[in-house]
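Visitor: Contents of entry.pdb (PDB, C-alpha atoms, pLDDT in the B column) are below:
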```
ATOM      1  CA  MET U   1     183.666 228.106 135.517  1.00 38.00           C
ATOM      2  CA  PRO U   2     180.523 227.130 133.535  1.00 43.00           C
ATOM      3  CA  ALA U   3     178.730 230.098 132.022  1.00 43.00           C
ATOM      4  CA  GLN U   4     176.936 231.525 129.034  1.00 40.00           C
ATOM      5  CA  PRO U   5     178.996 232.105 125.863  1.00 39.00           C
ATOM      6  CA  GLU U   6     178.127 235.805 125.553  1.00 43.00           C
ATOM      7  CA  ARG U   7     180.814 238.241 126.675  1.00 38.00           C
ATOM      8  CA  ALA U   8     180.090 241.029 129.120  1.00 41.00           C
ATOM      9  CA  SER U   9     180.470 244.589 127.879  1.00 38.00           C
ATOM     10  CA  ALA U  10     182.389 247.280 129.727  1.00 34.00           C
ATOM     11  CA  ALA U  11     179.256 248.235 131.645  1.00 36.00           C
ATOM     12  CA  ASP U  12     176.373 245.825 132.191  1.00 39.00           C
ATOM     13  CA  ALA U  13     172.705 246.329 133.044  1.00 34.00           C
ATOM     14  CA  TYR U  14     173.582 247.136 136.635  1.00 34.00           C
ATOM     15  CA  GLY U  15     176.047 249.845 135.673  1.00 38.00           C
ATOM     16  CA  ALA U  16     179.033 247.983 137.136  1.00 41.00           C
ATOM     17  CA  PRO U  17     182.090 247.375 134.962  1.00 44.00           C
ATOM     18  CA  ALA U  18     182.763 243.836 133.826  1.00 45.00           C
ATOM     19  CA  PRO U  19     186.089 242.743 132.368  1.00 47.00           C
ATOM     20  CA  ASP U  20     186.094 241.513 128.803  1.00 53.00           C
ATOM     21  CA  THR U  21     187.280 238.095 129.975  1.00 68.00           C
ATOM     22  CA  GLN U  22     184.199 237.577 132.173  1.00 69.00           C
ATOM     23  CA  PRO U  23     181.561 235.478 130.373  1.00 80.00           C
ATOM     24  CA  ARG U  24     178.096 236.959 130.695  1.00 87.00           C
ATOM     25  CA  LEU U  25     176.003 235.013 133.177  1.00 91.00           C
ATOM     26  CA  ILE U  26     172.338 234.792 132.235  1.00 92.00           C
ATOM     27  CA  ILE U  27     169.938 232.613 134.213  1.00 93.00           C
ATOM     28  CA  ARG U  28     167.328 231.313 131.763  1.00 94.00           C
ATOM     29  CA  THR U  29     163.957 229.883 132.825  1.00 95.00           C
ATOM     30  CA  ALA U  30     160.915 228.830 130.834  1.00 96.00           C
ATOM     31  CA  ASP U  31     157.372 227.646 131.619  1.00 95.00           C
ATOM     32  CA  LEU U  32     155.214 225.821 129.071  1.00 95.00           C
ATOM     33  CA  THR U  33     151.785 224.190 129.042  1.00 95.00           C
ATOM     34  CA  ILE U  34     151.422 221.706 126.204  1.00 94.00           C
ATOM     35  CA  VAL U  35     148.804 219.252 124.944  1.00 93.00           C
ATOM     36  CA  VAL U  36     150.244 215.797 124.240  1.00 93.00           C
ATOM     37  CA  PRO U  37     148.789 212.518 122.894  1.00 90.00           C
ATOM     38  CA  ASP U  38     149.840 210.634 126.029  1.00 90.00           C
ATOM     39  CA  THR U  39     151.015 212.171 129.306  1.00 91.00           C
ATOM     40  CA  GLN U  40     153.336 209.372 130.427  1.00 91.00           C
ATOM     41  CA  GLU U  41     155.013 209.097 127.046  1.00 93.00           C
ATOM     42  CA  GLY U  42     155.533 212.856 127.078  1.00 93.00           C
ATOM     43  CA  MET U  43     157.070 212.697 130.562  1.00 94.00           C
ATOM     44  CA  ASN U  44     159.419 209.912 129.458  1.00 95.00           C
ATOM     45  CA  ALA U  45     160.435 211.882 126.367  1.00 95.00           C
ATOM     46  CA  LEU U  46     161.223 214.969 128.471  1.00 95.00           C
ATOM     47  CA  THR U  47     163.282 212.877 130.890  1.00 95.00           C
ATOM     48  CA  ARG U  48     165.357 211.556 127.983  1.00 95.00           C
ATOM     49  CA  LEU U  49     165.656 215.090 126.615  1.00 95.00           C
ATOM     50  CA  ALA U  50     167.117 216.357 129.912  1.00 94.00           C
ATOM     51  CA  ASP U  51     169.767 213.646 129.839  1.00 94.00           C
ATOM     52  CA  GLU U  52     170.525 214.249 126.157  1.00 94.00           C
ATOM     53  CA  PHE U  53     171.012 217.980 126.740  1.00 94.00           C
ATOM     54  CA  GLY U  54     173.468 217.541 129.591  1.00 93.00           C
ATOM     55  CA  GLY U  55     171.006 218.116 132.405  1.00 93.00           C
ATOM     56  CA  PHE U  56     168.677 216.278 134.718  1.00 94.00           C
ATOM     57  CA  VAL U  57     165.087 216.157 135.999  1.00 94.00           C
ATOM     58  CA  VAL U  58     164.564 218.344 139.059  1.00 94.00           C
ATOM     59  CA  SER U  59     161.046 217.122 139.854  1.00 94.00           C
ATOM     60  CA  SER U  60     158.125 215.356 138.185  1.00 92.00           C
ATOM     61  CA  SER U  61     154.610 214.350 139.180  1.00 93.00           C
ATOM     62  CA  THR U  62     151.302 213.253 137.676  1.00 89.00           C
ATOM     63  CA  SER U  63     147.730 213.664 138.865  1.00 89.00           C
ATOM     64  CA  ARG U  64     144.662 211.793 137.643  1.00 84.00           C
ATOM     65  CA  VAL U  65     142.051 214.184 136.302  1.00 76.00           C
ATOM     66  CA  ALA U  66     139.752 211.688 134.551  1.00 68.00           C
ATOM     67  CA  ASP U  67     139.109 207.952 134.408  1.00 66.00           C
ATOM     68  CA  ASN U  68     141.741 207.340 131.751  1.00 71.00           C
ATOM     69  CA  ALA U  69     143.667 210.607 131.738  1.00 79.00           C
ATOM     70  CA  SER U  70     146.479 212.066 133.838  1.00 86.00           C
ATOM     71  CA  GLN U  71     148.047 215.517 133.854  1.00 92.00           C
ATOM     72  CA  GLY U  72     151.810 215.754 134.249  1.00 93.00           C
ATOM     73  CA  TYR U  73     154.231 218.292 135.700  1.00 96.00           C
ATOM     74  CA  ILE U  74     157.988 218.142 135.149  1.00 95.00           C
ATOM     75  CA  THR U  75     160.894 220.517 135.738  1.00 96.00           C
ATOM     76  CA  LEU U  76     164.221 219.870 134.041  1.00 95.00           C
ATOM     77  CA  ARG U  77     167.623 221.488 133.758  1.00 95.00           C
ATOM     78  CA  VAL U  78     169.448 221.567 130.434  1.00 95.00           C
ATOM     79  CA  ASP U  79     172.735 222.956 129.116  1.00 94.00           C
ATOM     80  CA  ALA U  80     172.070 226.693 128.791  1.00 93.00           C
ATOM     81  CA  THR U  81     174.063 226.917 125.559  1.00 93.00           C
ATOM     82  CA  ARG U  82     171.457 224.570 123.994  1.00 93.00           C
ATOM     83  CA  PHE U  83     168.418 226.249 125.574  1.00 94.00           C
ATOM     84  CA  ASP U  84     166.751 227.282 122.298  1.00 94.00           C
ATOM     85  CA  GLU U  85     167.295 223.826 120.815  1.00 95.00           C
ATOM     86  CA  ALA U  86     165.791 222.212 123.923  1.00 94.00           C
ATOM     87  CA  MET U  87     162.746 224.503 123.745  1.00 95.00           C
ATOM     88  CA  ASN U  88     162.168 223.524 120.121  1.00 95.00           C
ATOM     89  CA  ARG U  89     162.313 219.856 121.109  1.00 94.00           C
ATOM     90  CA  VAL U  90     159.736 220.409 123.854  1.00 95.00           C
ATOM     91  CA  ARG U  91     157.425 222.188 121.410  1.00 95.00           C
ATOM     92  CA  ALA U  92     157.859 219.321 118.943  1.00 94.00           C
ATOM     93  CA  LEU U  93     156.325 216.941 121.486  1.00 93.00           C
ATOM     94  CA  ALA U  94     153.130 219.007 121.657  1.00 93.00           C
ATOM     95  CA  LEU U  95     149.962 218.774 119.634  1.00 91.00           C
ATOM     96  CA  GLU U  96     149.304 222.300 120.871  1.00 91.00           C
ATOM     97  CA  VAL U  97     151.262 224.801 122.977  1.00 93.00           C
ATOM     98  CA  ARG U  98     148.711 226.328 125.324  1.00 93.00           C
ATOM     99  CA  SER U  99     151.062 228.825 126.986  1.00 94.00           C
ATOM    100  CA  GLU U 100     154.749 229.688 127.022  1.00 95.00           C
ATOM    101  CA  SER U 101     156.887 232.175 128.919  1.00 95.00           C
ATOM    102  CA  VAL U 102     160.668 232.635 128.813  1.00 95.00           C
ATOM    103  CA  ARG U 103     162.720 234.759 131.196  1.00 94.00           C
ATOM    104  CA  GLY U 104     166.392 235.694 131.334  1.00 92.00           C
ATOM    105  CA  GLU U 105     168.119 237.296 134.326  1.00 92.00           C
ATOM    106  CA  ASP U 106     171.551 238.812 133.754  1.00 92.00           C
ATOM    107  CA  VAL U 107     173.616 238.276 136.935  1.00 92.00           C
ATOM    108  CA  THR U 108     177.006 239.192 135.466  1.00 91.00           C
ATOM    109  CA  ALA U 109     177.290 242.394 137.517  1.00 91.00           C
ATOM    110  CA  GLU U 110     176.528 240.610 140.765  1.00 92.00           C
ATOM    111  CA  TYR U 111     179.094 237.906 139.969  1.00 92.00           C
ATOM    112  CA  VAL U 112     181.809 240.460 139.152  1.00 92.00           C
ATOM    113  CA  ASP U 113     181.063 242.386 142.342  1.00 93.00           C
ATOM    114  CA  LEU U 114     181.230 239.201 144.411  1.00 93.00           C
ATOM    115  CA  ASP U 115     184.522 238.251 142.772  1.00 93.00           C
ATOM    116  CA  ALA U 116     186.036 241.634 143.689  1.00 94.00           C
ATOM    117  CA  ARG U 117     184.824 241.358 147.274  1.00 94.00           C
ATOM    118  CA  LEU U 118     186.208 237.835 147.487  1.00 94.00           C
ATOM    119  CA  LYS U 119     189.686 238.970 146.414  1.00 94.00           C
ATOM    120  CA  ASN U 120     189.661 241.792 148.965  1.00 93.00           C
ATOM    121  CA  LEU U 121     188.588 239.452 151.755  1.00 92.00           C
ATOM    122  CA  GLU U 122     191.201 236.868 150.811  1.00 92.00           C
ATOM    123  CA  ALA U 123     193.894 239.578 150.855  1.00 93.00           C
ATOM    124  CA  ALA U 124     192.692 240.736 154.281  1.00 90.00           C
ATOM    125  CA  GLU U 125     192.692 237.137 155.493  1.00 90.00           C
ATOM    126  CA  ALA U 126     196.321 236.680 154.390  1.00 90.00           C
ATOM    127  CA  GLN U 127     197.375 239.839 156.223  1.00 90.00           C
ATOM    128  CA  LEU U 128     195.593 238.762 159.399  1.00 87.00           C
ATOM    129  CA  GLN U 129     197.271 235.378 159.258  1.00 87.00           C
ATOM    130  CA  GLN U 130     200.650 237.132 159.167  1.00 88.00           C
ATOM    131  CA  ILE U 131     199.631 239.320 162.103  1.00 84.00           C
ATOM    132  CA  LEU U 132     198.470 236.243 164.004  1.00 82.00           C
ATOM    133  CA  LYS U 133     201.881 234.608 163.578  1.00 83.00           C
ATOM    134  CA  GLN U 134     203.580 237.675 165.065  1.00 82.00           C
ATOM    135  CA  ALA U 135     201.099 238.251 167.922  1.00 77.00           C
ATOM    136  CA  THR U 136     202.386 237.403 171.391  1.00 77.00           C
ATOM    137  CA  GLU U 137     199.728 238.762 173.719  1.00 81.00           C
ATOM    138  CA  THR U 138     196.715 236.513 174.368  1.00 81.00           C
ATOM    139  CA  GLU U 139     194.231 239.351 173.845  1.00 83.00           C
ATOM    140  CA  ASP U 140     195.820 240.225 170.521  1.00 76.00           C
ATOM    141  CA  VAL U 141     195.703 236.591 169.399  1.00 80.00           C
ATOM    142  CA  LEU U 142     192.018 236.275 170.328  1.00 88.00           C
ATOM    143  CA  ALA U 143     191.100 239.551 168.590  1.00 87.00           C
ATOM    144  CA  VAL U 144     192.871 238.545 165.376  1.00 85.00           C
ATOM    145  CA  TYR U 145     191.364 235.064 165.535  1.00 85.00           C
ATOM    146  CA  ARG U 146     187.835 236.510 165.856  1.00 89.00           C
ATOM    147  CA  GLU U 147     188.425 238.759 162.855  1.00 89.00           C
ATOM    148  CA  LEU U 148     189.803 235.830 160.840  1.00 89.00           C
ATOM    149  CA  THR U 149     186.732 233.757 161.704  1.00 90.00           C
ATOM    150  CA  ASN U 150     184.451 236.579 160.587  1.00 92.00           C
ATOM    151  CA  ILE U 151     186.305 237.062 157.306  1.00 91.00           C
ATOM    152  CA  ARG U 152     186.377 233.307 156.636  1.00 91.00           C
ATOM    153  CA  GLY U 153     182.582 233.199 157.091  1.00 93.00           C
ATOM    154  CA  GLN U 154     182.125 236.017 154.561  1.00 93.00           C
ATOM    155  CA  ILE U 155     184.468 234.286 152.121  1.00 93.00           C
ATOM    156  CA  GLU U 156     182.517 231.009 152.313  1.00 94.00           C
ATOM    157  CA  GLN U 157     179.224 232.860 151.886  1.00 95.00           C
ATOM    158  CA  ILE U 158     180.463 234.701 148.809  1.00 94.00           C
ATOM    159  CA  LYS U 159     181.896 231.528 147.295  1.00 94.00           C
ATOM    160  CA  GLY U 160     178.570 229.772 147.815  1.00 94.00           C
ATOM    161  CA  ARG U 161     176.660 232.567 146.094  1.00 93.00           C
ATOM    162  CA  MET U 162     179.121 232.662 143.195  1.00 93.00           C
ATOM    163  CA  LYS U 163     178.811 228.895 142.770  1.00 93.00           C
ATOM    164  CA  TYR U 164     175.022 229.157 142.740  1.00 91.00           C
ATOM    165  CA  LEU U 165     175.034 231.928 140.116  1.00 91.00           C
ATOM    166  CA  SER U 166     177.535 230.045 137.953  1.00 91.00           C
ATOM    167  CA  GLN U 167     175.602 226.777 138.085  1.00 90.00           C
ATOM    168  CA  SER U 168     172.251 228.499 137.551  1.00 89.00           C
ATOM    169  CA  ALA U 169     173.602 230.224 134.437  1.00 92.00           C
ATOM    170  CA  ALA U 170     175.187 227.017 133.155  1.00 92.00           C
ATOM    171  CA  LEU U 171     171.944 225.009 133.332  1.00 93.00           C
ATOM    172  CA  ALA U 172     168.663 226.551 132.183  1.00 94.00           C
ATOM    173  CA  THR U 173     165.401 225.552 133.858  1.00 95.00           C
ATOM    174  CA  ILE U 174     162.372 224.405 131.840  1.00 96.00           C
ATOM    175  CA  SER U 175     159.075 223.640 133.610  1.00 96.00           C
ATOM    176  CA  VAL U 176     156.413 221.850 131.570  1.00 96.00           C
ATOM    177  CA  THR U 177     152.747 221.077 132.295  1.00 95.00           C
ATOM    178  CA  LEU U 178     151.448 218.240 130.098  1.00 94.00           C
ATOM    179  CA  ILE U 179     147.735 217.978 129.330  1.00 92.00           C
ATOM    180  CA  PRO U 180     146.483 214.786 127.620  1.00 90.00           C
ATOM    181  CA  ASP U 181     144.709 215.347 124.332  1.00 85.00           C
ATOM    182  CA  ALA U 182     141.480 213.676 125.490  1.00 71.00           C
ATOM    183  CA  LEU U 183     141.282 216.037 128.447  1.00 66.00           C
ATOM    184  CA  ALA U 184     141.924 219.056 126.233  1.00 64.00           C
ATOM    185  CA  GLN U 185     138.792 218.392 124.175  1.00 62.00           C
ATOM    186  CA  PRO U 186     135.496 219.924 125.381  1.00 58.00           C
ATOM    187  CA  VAL U 187     132.956 217.442 126.757  1.00 57.00           C
ATOM    188  CA  GLN U 188     130.206 216.966 124.162  1.00 54.00           C
ATOM    189  CA  VAL U 189     127.577 214.203 123.923  1.00 55.00           C
ATOM    190  CA  GLY U 190     125.161 214.297 121.009  1.00 53.00           C
ATOM    191  CA  GLY U 191     125.620 218.032 120.559  1.00 54.00           C
ATOM    192  CA  TRP U 192     125.099 218.661 124.288  1.00 60.00           C
ATOM    193  CA  ARG U 193     127.760 220.861 125.882  1.00 58.00           C
ATOM    194  CA  PRO U 194     127.624 220.921 129.694  1.00 66.00           C
ATOM    195  CA  ALA U 195     129.643 224.145 129.775  1.00 63.00           C
ATOM    196  CA  GLY U 196     127.085 225.906 127.557  1.00 63.00           C
ATOM    197  CA  VAL U 197     124.143 224.611 129.579  1.00 71.00           C
ATOM    198  CA  ALA U 198     125.786 225.732 132.816  1.00 75.00           C
ATOM    199  CA  LYS U 199     126.403 229.186 131.328  1.00 73.00           C
ATOM    200  CA  ASP U 200     122.751 229.504 130.261  1.00 75.00           C
ATOM    201  CA  ALA U 201     121.584 228.366 133.709  1.00 83.00           C
ATOM    202  CA  VAL U 202     123.775 230.946 135.459  1.00 82.00           C
ATOM    203  CA  GLU U 203     122.531 233.701 133.143  1.00 82.00           C
ATOM    204  CA  ALA U 204     118.901 232.679 133.805  1.00 86.00           C
ATOM    205  CA  LEU U 205     119.530 232.675 137.568  1.00 86.00           C
ATOM    206  CA  ILE U 206     121.081 236.141 137.440  1.00 89.00           C
ATOM    207  CA  ALA U 207     118.189 237.463 135.351  1.00 86.00           C
ATOM    208  CA  THR U 208     115.667 235.992 137.811  1.00 89.00           C
ATOM    209  CA  LEU U 209     117.436 237.490 140.807  1.00 88.00           C
ATOM    210  CA  GLN U 210     117.629 240.856 139.049  1.00 88.00           C
ATOM    211  CA  GLY U 211     113.872 240.706 138.379  1.00 85.00           C
ATOM    212  CA  LEU U 212     113.098 239.843 142.007  1.00 87.00           C
ATOM    213  CA  ALA U 213     115.368 242.615 143.243  1.00 86.00           C
ATOM    214  CA  SER U 214     113.707 245.147 140.920  1.00 85.00           C
ATOM    215  CA  LEU U 215     110.248 244.037 142.070  1.00 83.00           C
ATOM    216  CA  LEU U 216     111.237 244.384 145.716  1.00 84.00           C
ATOM    217  CA  ILE U 217     112.566 247.895 145.112  1.00 86.00           C
ATOM    218  CA  TRP U 218     109.288 248.936 143.426  1.00 80.00           C
ATOM    219  CA  LEU U 219     107.261 247.454 146.287  1.00 79.00           C
ATOM    220  CA  VAL U 220     109.258 249.314 148.935  1.00 79.00           C
ATOM    221  CA  ILE U 221     109.563 252.682 147.173  1.00 84.00           C
ATOM    222  CA  VAL U 222     106.233 252.955 145.266  1.00 77.00           C
ATOM    223  CA  VAL U 223     103.604 250.403 146.251  1.00 76.00           C
ATOM    224  CA  LEU U 224     104.106 250.375 150.034  1.00 77.00           C
ATOM    225  CA  PRO U 225     103.743 254.177 150.503  1.00 80.00           C
ATOM    226  CA  VAL U 226     100.571 254.191 148.345  1.00 77.00           C
ATOM    227  CA  LEU U 227      99.065 251.312 150.342  1.00 76.00           C
ATOM    228  CA  LEU U 228      99.842 253.133 153.578  1.00 76.00           C
ATOM    229  CA  ILE U 229      98.092 256.271 152.314  1.00 80.00           C
ATOM    230  CA  PHE U 230      94.894 254.301 151.589  1.00 77.00           C
ATOM    231  CA  ALA U 231      95.175 251.961 154.537  1.00 77.00           C
ATOM    232  CA  ILE U 232      95.425 254.570 157.297  1.00 81.00           C
ATOM    233  CA  PRO U 233      91.881 256.077 156.770  1.00 80.00           C
ATOM    234  CA  ILE U 234      90.355 252.606 156.366  1.00 81.00           C
ATOM    235  CA  VAL U 235      91.951 251.388 159.588  1.00 77.00           C
ATOM    236  CA  ALA U 236      90.751 254.519 161.393  1.00 79.00           C
ATOM    237  CA  ILE U 237      87.134 253.979 160.177  1.00 82.00           C
ATOM    238  CA  VAL U 238      87.214 250.323 161.196  1.00 79.00           C
ATOM    239  CA  LEU U 239      88.456 251.236 164.662  1.00 81.00           C
ATOM    240  CA  LEU U 240      85.712 253.891 165.056  1.00 84.00           C
ATOM    241  CA  ILE U 241      83.034 251.411 163.994  1.00 83.00           C
ATOM    242  CA  ARG U 242      84.285 248.810 166.487  1.00 81.00           C
ATOM    243  CA  ARG U 243      84.330 251.398 169.275  1.00 81.00           C
ATOM    244  CA  ALA U 244      80.796 252.510 168.455  1.00 80.00           C
ATOM    245  CA  ARG U 245      79.599 248.904 168.523  1.00 80.00           C
ATOM    246  CA  ARG U 246      81.240 248.296 171.887  1.00 79.00           C
ATOM    247  CA  ASN U 247      79.639 251.460 173.305  1.00 78.00           C
ATOM    248  CA  LYS U 248      76.216 250.441 171.978  1.00 76.00           C
ATOM    249  CA  ALA U 249      76.568 246.974 173.434  1.00 74.00           C
ATOM    250  CA  LYS U 250      77.471 248.391 176.854  1.00 75.00           C
ATOM    251  CA  ALA U 251      74.420 250.755 176.760  1.00 74.00           C
ATOM    252  CA  THR U 252      72.131 247.860 175.918  1.00 75.00           C
ATOM    253  CA  GLU U 253      73.471 245.831 178.860  1.00 71.00           C
ATOM    254  CA  VAL U 254      72.909 248.756 181.247  1.00 71.00           C
ATOM    255  CA  ARG U 255      69.285 249.191 180.173  1.00 71.00           C
ATOM    256  CA  ALA U 256      68.651 245.478 180.433  1.00 70.00           C
ATOM    257  CA  SER U 257      69.938 245.375 183.972  1.00 65.00           C
TER     258      SER U 257
END
```
Mind turning the file's structure into structure tokens?
Guide:
Amino acid sequence: MPAQPERASAADAYGAPAPDTQPRLIIRTADLTIVVPDTQEGMNALTRLADEFGGFVVSSSTSRVADNASQGYITLRVDATRFDEAMNRVRALALEVRSESVRGEDVTAEYVDLDARLKNLEAAEAQLQQILKQATETEDVLAVYRELTNIRGQIEQIKGRMKYLSQSAALATISVTLIPDALAQPVQVGGWRPAGVAKDAVEALIATLQGLASLLIWLVIVVLPVLLIFAIPIVAIVLLIRRARRNKAKATEVRAS
């Protein structure tokens, strides 16, 4: 069974006992973002690295991000016993390591528990097979057969999980994002930096909007009430003057008639 070289202690991280003969199973994964001189050459180098370290490429893709530049993504599996060496080789390809994260999941306890359950189920299966050979009644045969089918399903499920854990611990996963060096450099023409200009423009817009908002608040809270105080008497006087003029005009028409 492929596994990590470390030996499990009497009690692992899950609190379950693990025999001294059980190799510790640790699933190792890593994610890196690196800047490389050429994306395609970097992808080819990582593909060769996977083969050299007893693994394979799980997936790879590139996407064009500029006229002459592509960004790459690749996930590879490598022999877990050479994980640190493989990581150093990946870093050696980079002009700059932008980000890196490494994780390790100890699944020894789960594997040991599954192994114990498997042995119990296999023992139960053997007993049921003996009972099936001795059964004579049809109902008894069917009942034992159903139980055997159920146990066989559990056995296959456990074996599948154990195989997955074993293989996952045997081959570490390294996912790499490759950024071409030209793309990594900030755009700059004659001292002009679009990013800086955009930042200044956004700051100016925010300042302008803040000024307009402040002015509107002052108009609503201070200026508008004051204008209303002065406007109400003026409007009243204007209305009285118009009414007086209309009354005068009507009196003049009556006298003329």
Visitor: Could you state which residues are captured by the PyMOL selection byres ((chain U and resi 162-175) around 8) in this file, as a tab-separated table (two decimals) with C-alpha atoms, keeping the file's coordinate frame?
Guide:
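What landed in expr_6.tsv:
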```tsv
chain	number	residue	atom	x	y	z
U	1	MET	CA	183.67	228.11	135.52
U	2	PRO	CA	180.52	227.13	133.54
U	3	ALA	CA	178.73	230.10	132.02
U	4	GLN	CA	176.94	231.52	129.03
U	25	LEU	CA	176.00	235.01	133.18
U	26	ILE	CA	172.34	234.79	132.24
U	27	ILE	CA	169.94	232.61	134.21
U	28	ARG	CA	167.33	231.31	131.76
U	29	THR	CA	163.96	229.88	132.82
U	30	ALA	CA	160.92	228.83	130.83
U	31	ASP	CA	157.37	227.65	131.62
U	32	LEU	CA	155.21	225.82	129.07
U	55	GLY	CA	171.01	218.12	132.40
U	73	TYR	CA	154.23	218.29	135.70
U	74	ILE	CA	157.99	218.14	135.15
U	75	THR	CA	160.89	220.52	135.74
U	76	LEU	CA	164.22	219.87	134.04
U	77	ARG	CA	167.62	221.49	133.76
U	78	VAL	CA	169.45	221.57	130.43
U	79	ASP	CA	172.74	222.96	129.12
U	80	ALA	CA	172.07	226.69	128.79
U	81	THR	CA	174.06	226.92	125.56
U	83	PHE	CA	168.42	226.25	125.57
U	107	VAL	CA	173.62	238.28	136.94
U	111	TYR	CA	179.09	237.91	139.97
U	114	LEU	CA	181.23	239.20	144.41
U	115	ASP	CA	184.52	238.25	142.77
U	158	ILE	CA	180.46	234.70	148.81
U	159	LYS	CA	181.90	231.53	147.29
U	160	GLY	CA	178.57	229.77	147.82
U	161	ARG	CA	176.66	232.57	146.09
U	176	VAL	CA	156.41	221.85	131.57
U	177	THR	CA	152.75	221.08	132.29
```
Visitor: Counting all atoms listed in the file, which residue out of U:Val57, U:Ile179, U:Ile151, U:Leu118 sits closest to Ala69 of chain U?
Guide: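 Among U:Val57, U:Ile179, U:Ile151, U:Leu118, it is U:Ile179 that comes nearest to Ala69 of chain U.
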Visitor: Between U:Val102, U:Glu122, U:Trp218, U:Ala207, single out the one closest to Asp84 of chain U, counting only C-alpha atoms.
Guide: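 Smallest distance to Asp84 of chain U is found for U:Val102.
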Visitor: Looking at only C-alpha atoms, which of U:Arg48, U:Thr108, U:Val35, U:Leu178 is the one that sits closest to Ser63 of chain U?
Guide: U:Leu178
Visitor: For atom CA of Ile131 of chain U and atom CA of Thr149 of chain U, quote the distance in Å rounded to one decimal.
Guide: 14.1 Å
Visitor: Can you list, as a PyMOL selection string, every protein, DNA or RNA residue that comes within 10 Å of Leu121 of chain U when you count all atoms listed in the file, leaving out same-chain residues fewer than 5 positions away?
Guide: chain U and resi 115-116+126-127+148+151-152+154-155+158
Visitor: Output C-alpha atoms for every residue in the selection just made, as a PDB file, in the frame of the given file.
Guide:
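Saved as part_1.pdb:
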```pdb
ATOM      1  CA  ASP U 115     184.522 238.251 142.772  1.00 93.00           C
ATOM      2  CA  ALA U 116     186.036 241.634 143.689  1.00 94.00           C
ATOM      3  CA  ALA U 126     196.321 236.680 154.390  1.00 90.00           C
ATOM      4  CA  GLN U 127     197.375 239.839 156.223  1.00 90.00           C
ATOM      5  CA  LEU U 148     189.803 235.830 160.840  1.00 89.00           C
ATOM      6  CA  ILE U 151     186.305 237.062 157.306  1.00 91.00           C
ATOM      7  CA  ARG U 152     186.377 233.307 156.636  1.00 91.00           C
ATOM      8  CA  GLN U 154     182.125 236.017 154.561  1.00 93.00           C
ATOM      9  CA  ILE U 155     184.468 234.286 152.121  1.00 93.00           C
ATOM     10  CA  ILE U 158     180.463 234.701 148.809  1.00 94.00           C
TER      11      ILE U 158
END
```
Visitor: Could you work out how far atom CA of Gly42 of chain U lies from atom CA of Met87 of chain U, giving the answer in Å with one decimal?
Guide: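 Distance reported for this atom pair: 14.1 Å.
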Visitor: Name the residues that the PyMOL selection byres ((chain U and resi 90) around 9) pulls out of this structure, and write them as JSON, numbers by chain.
Guide: {"U": [32, 34, 45, 46, 49, 85, 86, 87, 88, 89, 91, 92, 93, 94, 176]}
Visitor: Quick one: distance from atom CA of Pro37 of chain U to atom CA of Val58 of chain U in Å, one decimal?
Guide: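 Taking atom CA of Pro37 of chain U and atom CA of Val58 of chain U, their separation equals 23.3 Å.
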